[in-house]
$ cat my_file-v2.txt   # compact mmCIF, C-alpha atoms and all ligand atoms
# COMPACT_ATOMS: atom_id res chain seq x y z
CA MET X 199 149.98 49.89 88.43
CA THR X 200 151.14 50.98 85.00
CA ASP X 201 148.29 49.10 83.36
CA SER X 202 146.18 51.97 82.01
CA LYS X 203 142.98 49.96 82.50
CA HIS X 204 143.39 50.40 86.22
CA LEU X 205 142.29 53.56 87.89
CA SER X 206 145.25 55.49 89.16
CA ARG X 207 145.25 56.44 92.83
CA ARG X 208 145.07 60.11 91.89
CA ASP X 209 142.04 59.62 89.64
CA PHE X 210 140.34 57.48 92.22
CA LEU X 211 140.76 60.15 94.87
CA LYS X 212 139.59 62.86 92.50
CA PHE X 213 136.53 60.83 91.63
CA THR X 214 135.52 59.93 95.18
CA THR X 215 136.11 63.49 96.43
CA GLY X 216 133.93 64.79 93.62
CA ALA X 217 131.21 62.22 94.26
CA ILE X 218 131.10 62.74 98.01
CA GLY X 219 131.29 66.51 97.60
CA GLY X 220 128.46 66.39 95.08
CA ALA X 221 126.33 64.23 97.38
CA ILE X 222 126.88 66.66 100.25
CA THR X 223 126.05 69.65 98.06
CA ILE X 224 122.81 68.06 96.90
CA SER X 225 121.78 66.97 100.38
CA VAL X 226 122.28 70.53 101.61
CA ALA X 227 120.74 72.25 98.59
CA LEU X 228 117.51 70.25 98.32
CA PRO X 229 116.31 70.84 101.90
CA THR X 230 117.11 74.55 101.67
CA ILE X 231 115.20 74.92 98.42
CA GLY X 232 112.26 73.04 99.94
CA TYR X 233 112.46 75.28 103.01
CA LEU X 234 112.33 78.45 100.92
CA LEU X 235 109.54 77.37 98.58
CA ASP X 236 107.31 75.62 101.12
CA PRO X 237 104.57 78.24 101.64
CA ALA X 238 104.33 78.91 97.91
CA LEU X 239 103.65 75.25 97.16
CA ARG X 240 101.09 74.78 99.92
CA LYS X 241 97.30 74.47 99.65
CA GLN X 242 95.74 77.09 101.87
CA GLY X 243 92.51 75.27 102.58
CA GLY X 244 90.15 77.49 100.59
CA GLU X 245 88.46 74.89 98.41
CA GLY X 246 86.16 72.12 99.47
CA TRP X 247 82.70 70.63 99.62
CA ILE X 248 80.24 72.46 101.86
CA THR X 249 77.04 70.88 103.16
CA ILE X 250 74.08 73.24 102.99
CA GLY X 251 71.33 71.06 104.43
CA LYS X 252 68.75 68.36 103.71
CA LEU X 253 67.28 68.85 100.28
CA ASP X 254 63.84 67.85 101.62
CA GLU X 255 63.83 70.80 103.96
CA ILE X 256 64.48 73.32 101.24
CA PRO X 257 61.19 74.79 99.99
CA ILE X 258 60.32 74.84 96.33
CA GLY X 259 59.86 78.19 94.65
CA THR X 260 61.30 80.51 97.29
CA PRO X 261 65.00 81.30 97.74
CA TYR X 262 66.42 79.53 100.80
CA PRO X 263 69.29 81.38 102.50
CA PHE X 264 72.43 79.65 103.78
CA SER X 265 75.81 80.72 105.01
CA PHE X 266 79.11 79.09 105.85
CA THR X 267 82.58 80.02 107.07
CA ARG X 268 85.92 79.13 105.50
CA THR X 269 89.26 79.41 107.23
CA LYS X 270 92.40 80.21 105.31
CA VAL X 271 95.82 79.49 106.75
CA ASN X 272 98.80 81.72 105.95
CA GLY X 273 101.76 80.49 107.96
CA TRP X 274 100.65 80.78 111.59
CA GLU X 275 97.78 83.13 110.83
CA ARG X 276 94.20 81.98 110.26
CA THR X 277 91.65 84.18 108.61
CA SER X 278 88.00 83.23 108.63
CA SER X 279 85.55 84.61 106.12
CA THR X 280 81.82 84.10 106.02
CA TYR X 281 80.07 83.46 102.75
CA GLY X 282 76.36 83.25 102.04
CA GLY X 283 73.94 82.44 99.29
CA PHE X 284 70.50 81.24 98.31
CA VAL X 285 69.22 77.94 96.98
CA LEU X 286 66.28 78.16 94.66
CA ARG X 287 64.48 74.89 93.92
CA ARG X 288 62.48 75.38 90.78
CA SER X 289 60.64 72.02 90.81
CA GLU X 290 60.48 68.65 92.58
CA ASP X 291 63.40 67.47 90.45
CA PRO X 292 66.35 67.32 92.88
CA ASN X 293 68.70 68.62 90.20
CA ASP X 294 66.56 71.51 89.11
CA LEU X 295 68.26 74.00 91.36
CA PHE X 296 69.80 77.38 91.19
CA ILE X 297 72.42 78.31 93.79
CA LEU X 298 73.39 81.96 93.99
CA SER X 299 76.04 83.73 95.98
CA SER X 300 74.65 86.55 98.11
CA ARG X 301 77.64 88.76 97.37
CA CYS X 302 76.56 91.77 95.36
CA THR X 303 78.51 92.02 92.12
CA HIS X 304 78.77 95.78 92.55
CA LEU X 305 80.88 96.30 95.68
CA SER X 306 80.37 93.05 97.58
CA CYS X 307 77.62 93.94 100.05
CA ARG X 308 75.32 91.12 101.12
CA VAL X 309 71.99 91.03 99.22
CA ASN X 310 68.71 89.93 100.88
CA TRP X 311 65.68 88.25 99.42
CA ASN X 312 62.64 90.51 99.54
CA GLU X 313 59.39 88.60 99.33
CA GLU X 314 57.19 91.58 98.40
CA ALA X 315 59.45 92.85 95.65
CA GLN X 316 60.17 89.26 94.55
CA ALA X 317 63.79 90.36 94.14
CA TYR X 318 67.18 90.33 95.86
CA ILE X 319 67.82 93.81 97.17
CA CYS X 320 71.23 95.13 97.96
CA PRO X 321 71.22 97.45 101.01
CA CYS X 322 74.23 99.43 99.84
CA HIS X 323 73.20 101.06 96.57
CA ASP X 324 69.71 99.73 96.06
CA ALA X 325 70.50 97.19 93.39
CA LYS X 326 67.82 94.69 92.49
CA PHE X 327 68.37 91.18 91.16
CA SER X 328 65.74 88.76 89.89
CA LYS X 329 65.07 85.34 91.43
CA GLU X 330 67.59 83.90 88.99
CA GLY X 331 70.15 86.57 89.79
CA GLU X 332 69.77 88.81 86.74
CA VAL X 333 70.32 92.54 87.31
CA LEU X 334 66.99 94.34 87.32
CA ASP X 335 68.09 97.72 88.58
CA GLY X 336 71.09 99.59 89.96
CA PRO X 337 74.85 99.69 89.43
CA PRO X 338 75.96 96.01 89.43
CA PRO X 339 77.83 95.12 86.21
CA ARG X 340 76.82 91.44 86.07
CA PRO X 341 74.35 88.91 87.51
CA LEU X 342 74.92 87.34 90.92
CA ASP X 343 77.57 84.59 90.92
CA ARG X 344 76.34 80.99 90.79
CA TYR X 345 77.61 77.86 92.45
CA ASP X 346 77.43 75.46 89.55
CA GLU X 347 79.09 72.47 91.15
CA PHE X 348 76.70 70.76 93.51
CA GLU X 349 75.61 67.25 94.44
CA ILE X 350 73.10 65.45 96.61
CA ASP X 351 74.84 62.86 98.79
CA GLU X 352 73.45 59.51 99.99
CA GLU X 353 71.85 61.05 103.05
CA GLY X 354 70.00 63.56 100.93
CA ASN X 355 72.17 66.52 101.80
CA LEU X 356 72.76 69.23 99.28
CA ARG X 357 76.45 70.05 98.98
CA ILE X 358 78.25 72.66 96.95
CA PHE X 359 81.88 72.92 95.92
CA PHE X 360 83.54 76.11 97.06
CA ARG X 361 86.51 77.54 95.19
CA GLU X 362 88.83 80.30 96.27
CA GLY X 363 88.16 83.74 94.80
CA MET F 156 140.17 77.15 78.77
CA TRP F 157 139.62 77.19 82.56
CA GLN F 158 143.37 77.06 82.93
CA LYS F 159 143.61 80.29 80.93
CA ILE F 160 140.88 82.06 82.90
CA TYR F 161 142.48 80.96 86.13
CA GLN F 162 145.90 82.21 85.01
CA TRP F 163 144.44 85.55 83.98
CA LEU F 164 142.78 85.97 87.37
CA ASP F 165 145.78 84.69 89.30
CA GLU F 166 148.10 87.15 87.58
CA ARG F 167 145.91 90.03 88.79
CA LEU F 168 144.57 88.75 92.12
CA GLY F 169 147.58 86.77 93.29
CA LEU F 170 145.48 83.72 94.14
CA GLN F 171 148.51 81.48 94.45
CA ASP F 172 150.10 83.83 96.96
CA LEU F 173 146.89 84.01 98.97
CA TYR F 174 146.64 80.24 98.96
CA LYS F 175 150.25 79.90 100.08
CA SER F 176 149.98 82.38 102.91
CA PHE F 177 146.61 81.27 104.27
CA LEU F 178 146.30 77.57 103.66
CA ASP F 179 149.75 76.32 102.75
CA ARG F 180 151.70 78.25 105.37
CA PRO F 181 154.45 76.46 107.28
CA GLU F 182 153.16 74.88 110.48
CA PRO F 183 154.94 73.53 113.49
CA LYS F 184 154.14 69.95 114.35
CA GLY F 185 150.72 70.05 115.90
CA ASN F 186 147.78 67.82 116.56
CA TRP F 187 143.98 67.77 116.52
CA TRP F 188 143.82 70.45 119.20
CA ASN F 189 145.10 72.90 116.60
CA THR F 190 141.95 72.43 114.51
CA LEU F 191 139.60 73.94 117.09
CA GLY F 192 140.04 77.53 115.88
CA SER F 193 139.06 76.45 112.37
CA ALA F 194 136.21 74.47 113.86
CA SER F 195 135.03 77.65 115.65
CA LEU F 196 135.20 79.53 112.36
CA PHE F 197 133.22 76.82 110.59
CA LEU F 198 130.55 76.85 113.31
CA PHE F 199 130.33 80.63 113.10
CA LEU F 200 129.71 80.41 109.34
CA LEU F 201 127.20 77.59 109.84
CA GLN F 202 125.31 79.61 112.46
CA GLY F 203 125.33 82.56 110.07
CA ALA F 204 123.90 80.53 107.20
CA THR F 205 121.21 78.73 109.20
CA GLY F 206 120.38 81.97 111.03
CA ILE F 207 119.77 83.80 107.76
CA PHE F 208 117.44 81.00 106.71
CA LEU F 209 115.55 81.22 110.01
CA THR F 210 114.83 84.93 109.48
CA ILE F 211 112.79 83.95 106.42
CA TYR F 212 110.01 82.86 108.80
CA TYR F 213 110.89 84.02 112.30
CA THR F 214 109.09 87.14 113.53
CA PRO F 215 110.52 89.06 116.51
CA SER F 216 107.28 90.19 118.10
CA PRO F 217 105.64 88.92 121.29
CA ASP F 218 102.48 88.22 119.30
CA HIS F 219 104.16 86.12 116.66
CA ALA F 220 107.58 84.89 117.80
CA TYR F 221 106.35 81.70 119.45
CA ASP F 222 103.88 80.90 116.66
CA SER F 223 106.44 81.54 113.97
CA ILE F 224 108.88 79.13 115.64
CA THR F 225 106.15 76.50 115.98
CA TYR F 226 105.39 77.02 112.32
CA ILE F 227 109.06 76.52 111.38
CA MET F 228 109.24 73.35 113.47
CA ASN F 229 105.97 71.72 112.42
CA ASP F 230 104.98 73.04 109.02
CA VAL F 231 107.85 74.35 106.91
CA ALA F 232 109.68 71.69 104.93
CA PHE F 233 112.99 70.96 106.70
CA GLY F 234 112.32 73.76 109.17
CA TRP F 235 113.09 71.35 112.02
CA LEU F 236 116.44 70.61 110.38
CA ILE F 237 117.49 74.22 109.93
CA ARG F 238 116.38 75.23 113.42
CA GLY F 239 117.91 72.06 114.85
CA ILE F 240 121.30 72.83 113.32
CA HIS F 241 121.14 76.42 114.56
CA HIS F 242 120.04 75.32 118.04
CA TRP F 243 122.66 72.62 118.58
CA GLY F 244 125.30 74.55 116.65
CA ALA F 245 124.96 77.36 119.19
CA THR F 246 125.77 75.09 122.11
CA LEU F 247 128.53 73.38 120.19
CA MET F 248 130.11 76.69 119.20
CA VAL F 249 130.35 77.90 122.80
CA LEU F 250 131.90 74.57 123.72
CA VAL F 251 134.39 74.50 120.84
CA VAL F 252 135.43 78.13 121.31
CA PHE F 253 135.97 77.45 125.00
CA ILE F 254 138.07 74.33 124.41
CA HIS F 255 140.04 76.25 121.76
CA MET F 256 140.84 78.81 124.44
CA LEU F 257 141.84 76.08 126.89
CA ARG F 258 144.24 74.56 124.40
CA VAL F 259 145.80 77.98 123.73
CA PHE F 260 146.17 78.37 127.49
CA VAL F 261 147.59 74.89 128.07
CA THR F 262 150.15 75.21 125.27
CA ALA F 263 151.00 78.72 126.54
CA SER F 264 150.42 80.11 123.05
CA TYR F 265 149.19 83.44 124.43
CA LYS F 266 152.74 84.68 125.10
CA TYR F 267 154.73 87.26 123.11
CA PRO F 268 154.05 88.04 120.28
CA ARG F 269 150.52 86.58 120.49
CA GLU F 270 149.09 88.58 123.42
CA LEU F 271 146.85 90.58 121.13
CA THR F 272 145.60 87.38 119.50
CA TRP F 273 144.61 86.24 123.00
CA ILE F 274 142.99 89.55 123.97
CA ILE F 275 140.94 89.56 120.79
CA GLY F 276 140.13 85.94 121.58
CA VAL F 277 138.64 87.04 124.91
CA GLY F 278 136.43 89.43 122.96
CA LEU F 279 135.42 86.54 120.68
CA LEU F 280 134.47 84.39 123.67
CA LEU F 281 132.35 87.17 125.19
CA LEU F 282 130.65 87.87 121.87
CA THR F 283 129.94 84.16 121.38
CA LEU F 284 128.33 84.02 124.82
CA GLY F 285 126.41 87.19 123.94
CA MET F 286 125.07 85.46 120.85
CA GLY F 287 123.86 82.61 123.04
CA PHE F 288 122.25 84.98 125.53
CA THR F 289 120.41 87.07 122.94
CA GLY F 290 119.41 84.06 120.85
CA TYR F 291 117.91 82.24 123.83
CA LEU F 292 115.16 84.83 124.24
CA LEU F 293 114.01 84.77 120.63
CA PRO F 294 111.60 81.77 120.75
CA TRP F 295 109.71 83.74 123.43
CA ASN F 296 108.60 80.64 125.33
CA GLN F 297 108.44 80.27 129.11
CA ARG F 298 112.00 79.02 129.31
CA SER F 299 113.50 81.82 127.27
CA TYR F 300 111.39 84.45 129.00
CA TRP F 301 112.44 83.42 132.49
CA ALA F 302 116.06 82.79 131.51
CA THR F 303 116.28 86.35 130.25
CA MET F 304 114.42 87.63 133.30
CA VAL F 305 117.04 85.97 135.51
CA GLY F 306 119.98 86.87 133.28
CA THR F 307 119.12 90.55 133.22
CA GLN F 308 118.35 90.43 136.95
CA ILE F 309 121.87 89.14 137.56
CA ALA F 310 123.28 92.01 135.52
CA GLY F 311 121.23 94.26 137.79
CA THR F 312 123.12 93.14 140.89
CA ALA F 313 126.37 94.75 139.75
CA PRO F 314 127.26 97.61 142.10
CA LEU F 315 126.39 101.19 141.04
CA ILE F 316 125.77 100.61 137.33
CA GLY F 317 123.81 97.35 137.71
CA GLU F 318 120.36 98.92 137.60
CA PHE F 319 121.37 100.97 134.58
CA ILE F 320 122.66 97.89 132.71
CA LYS F 321 119.52 95.97 133.55
CA ARG F 322 117.27 98.74 132.27
CA THR F 323 119.37 99.07 129.13
CA LEU F 324 119.26 95.34 128.38
CA ARG F 325 115.50 95.22 128.99
CA ALA F 326 114.77 98.60 127.40
CA GLY F 327 112.83 99.54 130.51
CA SER F 328 111.95 97.96 133.81
CA ASP F 329 110.17 94.90 132.37
CA LEU F 330 110.75 92.36 129.66
CA SER F 331 108.65 93.57 126.77
CA ALA F 332 108.35 93.78 123.02
CA LEU F 333 111.22 96.27 123.19
CA THR F 334 113.46 93.70 124.90
CA LEU F 335 112.69 91.09 122.28
CA GLN F 336 113.31 93.55 119.47
CA ARG F 337 116.70 94.70 120.75
CA PHE F 338 117.81 91.15 121.51
CA PHE F 339 116.88 90.25 117.95
CA SER F 340 118.74 93.21 116.53
CA GLY F 341 121.78 92.37 118.65
CA HIS F 342 121.59 88.73 117.69
CA ILE F 343 121.43 89.21 113.94
CA TRP F 344 123.30 92.51 113.39
CA TRP F 345 125.47 93.97 116.12
CA LEU F 346 127.09 90.88 117.61
CA PRO F 347 127.69 89.01 114.31
CA LEU F 348 129.20 92.12 112.71
CA LEU F 349 131.54 92.60 115.67
CA LEU F 350 132.38 88.89 115.62
CA MET F 351 133.23 89.04 111.91
CA LEU F 352 135.46 92.02 112.45
CA LEU F 353 137.32 90.46 115.39
CA ILE F 354 137.59 87.04 113.68
CA GLY F 355 139.20 88.82 110.73
CA VAL F 356 141.83 90.47 112.92
CA HIS F 357 142.28 87.27 114.95
CA ILE F 358 143.03 85.19 111.87
CA TYR F 359 145.19 87.90 110.37
CA LEU F 360 147.30 87.76 113.53
CA VAL F 361 147.45 83.96 113.47
CA VAL F 362 148.70 84.07 109.88
CA ARG F 363 151.10 86.93 110.59
CA HIS F 364 152.78 85.25 113.56
CA GLY F 365 152.44 81.71 112.37
CA GLU F 366 151.29 79.14 114.86
CA SER F 367 153.21 78.62 118.04
CA GLN F 368 155.49 75.69 118.64
CA PHE F 369 154.17 73.47 121.42
CA PRO F 370 156.36 73.85 124.49
CA GLY F 371 158.88 71.01 124.91
CA LYS F 372 160.47 69.41 127.99
CA ASP F 373 163.05 72.20 128.29
CA ASP F 374 160.56 75.08 128.36
C1 LIG Y 401 134.75 82.88 117.46
C2 LIG Y 401 135.73 82.39 118.12
C3 LIG Y 401 137.14 82.06 117.61
C4 LIG Y 401 137.57 81.78 116.32
C5 LIG Y 401 136.71 81.70 115.05
C6 LIG Y 401 139.00 81.56 116.41
C7 LIG Y 401 139.79 81.19 115.31
C8 LIG Y 401 141.15 80.83 115.43
C9 LIG Y 401 141.91 80.12 114.43
C10 LIG Y 401 141.38 79.67 113.04
C11 LIG Y 401 143.18 79.93 114.92
C12 LIG Y 401 144.30 79.12 114.26
C13 LIG Y 401 144.94 78.06 115.17
C14 LIG Y 401 144.01 77.05 115.80
O1 LIG Y 401 143.00 76.75 115.19
O2 LIG Y 401 144.30 76.57 116.91
C15 LIG Y 401 143.22 80.58 116.23
C16 LIG Y 401 144.36 80.68 117.05
C17 LIG Y 401 144.41 81.33 118.28
N1 LIG Y 401 143.31 81.73 119.03
FE1 LIG Y 401 141.39 81.73 118.38
N2 LIG Y 401 139.40 81.74 117.70
C18 LIG Y 401 138.32 82.05 118.47
C19 LIG Y 401 138.30 82.28 119.85
C20 LIG Y 401 139.46 82.44 120.65
C21 LIG Y 401 139.46 82.65 122.10
C22 LIG Y 401 138.19 82.69 122.97
C23 LIG Y 401 140.77 82.79 122.47
C24 LIG Y 401 141.35 83.08 123.86
C25 LIG Y 401 140.81 83.87 124.73
C26 LIG Y 401 141.59 82.65 121.29
C27 LIG Y 401 142.98 82.77 121.26
C28 LIG Y 401 143.77 82.32 120.21
C29 LIG Y 401 145.24 82.36 120.19
C30 LIG Y 401 146.16 82.99 121.27
C31 LIG Y 401 145.64 81.74 119.00
C32 LIG Y 401 147.06 81.50 118.50
C33 LIG Y 401 147.42 80.08 118.83
C34 LIG Y 401 148.76 79.67 118.28
O3 LIG Y 401 149.40 80.47 117.58
O4 LIG Y 401 149.15 78.51 118.56
N3 LIG Y 401 140.77 82.42 120.21
N4 LIG Y 401 141.97 81.09 116.53
S1 LIG Y 402 77.31 96.95 96.63
FE1 LIG Y 402 75.40 96.21 96.04
S2 LIG Y 402 74.64 97.88 94.96
FE2 LIG Y 402 76.60 98.58 95.48

$ encode --input "my_file-v2.txt" --output "structure tokens"
Amino acid sequence: MTDSKHLSRRDFLKFTTGAIGGAITISVALPTIGYLLDPALRKQGGEGWITIGKLDEIPIGTPYPFSFTRTKVNGWERTSSTYGGFVLRRSEDPNDLFILSSRCTHLSCRVNWNEEAQAYICPCHDAKFSKEGEVLDGPPPRPLDRYDEFEIDEEGNLRIFFREG
Amino acid sequence: MWQKIYQWLDERLGLQDLYKSFLDRPEPKGNWWNTLGSASLFLFLLQGATGIFLTIYYTPSPDHAYDSITYIMNDVAFGWLIRGIHHWGATLMVLVVFIHMLRVFVTASYKYPRELTWIIGVGLLLLTLGMGFTGYLLPWNQRSYWATMVGTQIAGTAPLIGEFIKRTLRAGSDLSALTLQRFFSGHIWWLPLLLMLLIGVHIYLVVRHGESQFPGKDD
């Protein structure tokens, strides 16, 4: 027992108590940290690919309206919001498209396509946007937002990628 | 370094004395039954800790209580663990406190000078049961709703003041949002604060009188 290479009983006990105590501390601390941070680290289901419709059925030259609903989950509460927009095919080329959000860049009213005026008209403060979304008249500070990420899948459906915000 | 800091603190706080009088006090020969009071204390602290964690997500409203519990159980990381400990700890605590009382009774430790320790112990038992009663309603599921309906109904059968007690517990004639809210308040504030206070006095008395000798053949 006096051989200093051997662990003394006292040191052994100290070491095992420390190790077991440390293991217990960690196994209590990690779950509690996970518990507290969980909602902050969670995806809320905002983003994703949205199918608009068959590309063949979308006319060329006139804006084609679409709308979709996204559900966001916060804890046990679900909030659904409806979004809308227009697809403008400029030519036969499947990739020659322009996809605009219908949310007015002024105060978020929903704009409508007006065939006679050949413009998007906002019902709230009479803003006018061109076919490509440029501001022609009224208070909006910038052109209509565009969905730039889109694809045509194997079945010929046009899909856009929706991001939060 | 640490030695120095410790000595500085000890000189002013009297840590050694505290340690001696609380944890290193002379004890009569006892057995495992003597650990049940400490086990009750540990369970109380455990219920306190897990309960505080549960309030991070739990919502005491008829519209949200059930959903918030479901969320804790199914979605929050380790929510099932924290709620599970709180749930089973509650049952265990009632059991342990009760057996602690039985052992005090069997060893006749309630006699002079420990009558007050016993009387305060009765308060502790009632408060522990109160914690169970108020906590049971909080998930606001069928079981908890009807258990509380029946429990308050039973209180209502007491002569003369029964109806008054029932209305006070329910905050009206029916179980409602008001009932849930006051059970929640009782469960997380009133009863735990009272428990803490009484536990403090209880343990002070245990330390002051020392633990009782088990009765021998001659007693
Ligand atoms: C929250 C509940 C309780 C806690 C935390 C608690 C805590 C304690 C502790 C730590 C002791 C030290 C000795 C031992 O562990 O056996 C003790 C002793 C004692 N307890 Fe409790 N107790 C509780 C409930 C009760 C109840 C319900 C009664 C009886 C109605 C009671 C009566 C006593 C008595 C008379 C002693 C002195 C025993 C002796 O000196 O041998 N306690 N309690
Ligand atoms: S919101 Fe569209 S013009 Fe004001």

$ closest_atom_pairs --input "my_file-v2.txt" --of "chain X" --to "ligand LIG 402 (chain Y)" --cutoff "7 Å" --atoms "all atoms listed in the file" --output "Markdown table"
| residue | atom | partner | partner_atom | distance |
| --- | --- | --- | --- | --- |
| X:Cys302 | CA | Y:LIG402 | FE1 | 4.6 |
| X:Thr303 | CA | Y:LIG402 | FE1 | 6.5 |
| X:His304 | CA | Y:LIG402 | S1 | 4.5 |
| X:Leu305 | CA | Y:LIG402 | S1 | 3.8 |
| X:Ser306 | CA | Y:LIG402 | S1 | 5.0 |
| X:Cys307 | CA | Y:LIG402 | S1 | 4.6 |
| X:Val309 | CA | Y:LIG402 | FE1 | 7.0 |
| X:Cys320 | CA | Y:LIG402 | FE1 | 4.7 |
| X:Pro321 | CA | Y:LIG402 | FE1 | 6.6 |
| X:Cys322 | CA | Y:LIG402 | FE2 | 5.0 |
| X:His323 | CA | Y:LIG402 | S2 | 3.8 |
| X:Asp324 | CA | Y:LIG402 | S2 | 5.4 |
| X:Ala325 | CA | Y:LIG402 | S2 | 4.5 |
| X:Gly336 | CA | Y:LIG402 | S2 | 6.4 |
| X:Pro337 | CA | Y:LIG402 | S2 | 5.8 |
| X:Pro338 | CA | Y:LIG402 | S2 | 6.0 |

$ closest_residue --input "my_file-v2.txt" --among "F:Ser223, F:Thr262, F:Gln308, F:Gln368" --to "F:Asn296" --atoms "only C-alpha atoms"
F:Ser223

$ interface_residues --input "my_file-v2.txt" --of "chain F" --to "chain X" --cutoff "10 Å" --atoms "all atoms listed in the file" --output "list in words"
Thr205, Phe208, Leu209, Ile211, Tyr212, His219, Tyr221, Asp222, Ser223, Ile224, Thr225, Tyr226, Ile227, Asp230, Val231, Ala232, Phe233, Gly234, Trp235, Leu236 and Ile237 of chain F

$ residues_near_ligand --input "my_file-v2.txt" --ligand "ligand LIG 401 (chain Y)" --cutoff "7 Å" --atoms "all atoms listed in the file" --output "PyMOL selection string"
chain F and resi 188-193+195-196+199+252-253+255-256+259+264-265+269-270+272-280+283+350+354+357-358+361+365-368

$ residues_around --input "my_file-v2.txt" --residues "F:Thr323" --least-positions-apart "2" --cutoff "12 Å" --atoms "all atoms listed in the file" --output "count of residues only"
20

$ closest_residue --input "my_file-v2.txt" --among "F:Asp373, F:Asp172, F:Asp165, F:Asp218" --to "F:Leu335" --atoms "all atoms listed in the file"
F:Asp218

$ atom_distance --input "my_file-v2.txt" --atom1 "atom CA of X:Gln242" --atom2 "atom CA of X:Ser279"
13.4 Å

$ atom_distance --input "my_file-v2.txt" --atom1 "atom CA of X:Ala238" --atom2 "atom CA of F:Gly239"
22.8 Å

$ atom_distance --input "my_file-v2.txt" --atom1 "atom CA of X:Gly282" --atom2 "atom CA of X:Leu239"
28.9 Å

$ closest_residue --input "my_file-v2.txt" --among "F:Ala220, F:Leu250, F:Leu315, F:Leu282" --to "F:Pro294" --atoms "only C-alpha atoms"
F:Ala220

$ residues_around --input "my_file-v2.txt" --residues "X:Ser299" --least-positions-apart "5" --cutoff "6 Å" --atoms "all atoms listed in the file" --output "list of chain:residue names"
X:Gly283, X:Asp343, X:Arg344

$ closest_residue --input "my_file-v2.txt" --among "F:Met351, F:Ile343, F:Ala313, F:Ile254" --to "F:Met286" --atoms "only C-alpha atoms"
F:Ile343

$ residues_around --input "my_file-v2.txt" --residues "X:Tyr318" --least-positions-apart "6" --cutoff "6 Å" --atoms "only C-alpha atoms" --output "ChimeraX atom specification"
/X:309-312,326-327

$ axis_aligned_box --input "my_file-v2.txt" --around "stretch 309-314 of chain X" --padding-each-side "5 Å" --output "AutoDock Vina command-line options"
--center_x 64.6 --center_y 89.9 --center_z 99.6 --size_x 24.8 --size_y 13.3 --size_z 12.5
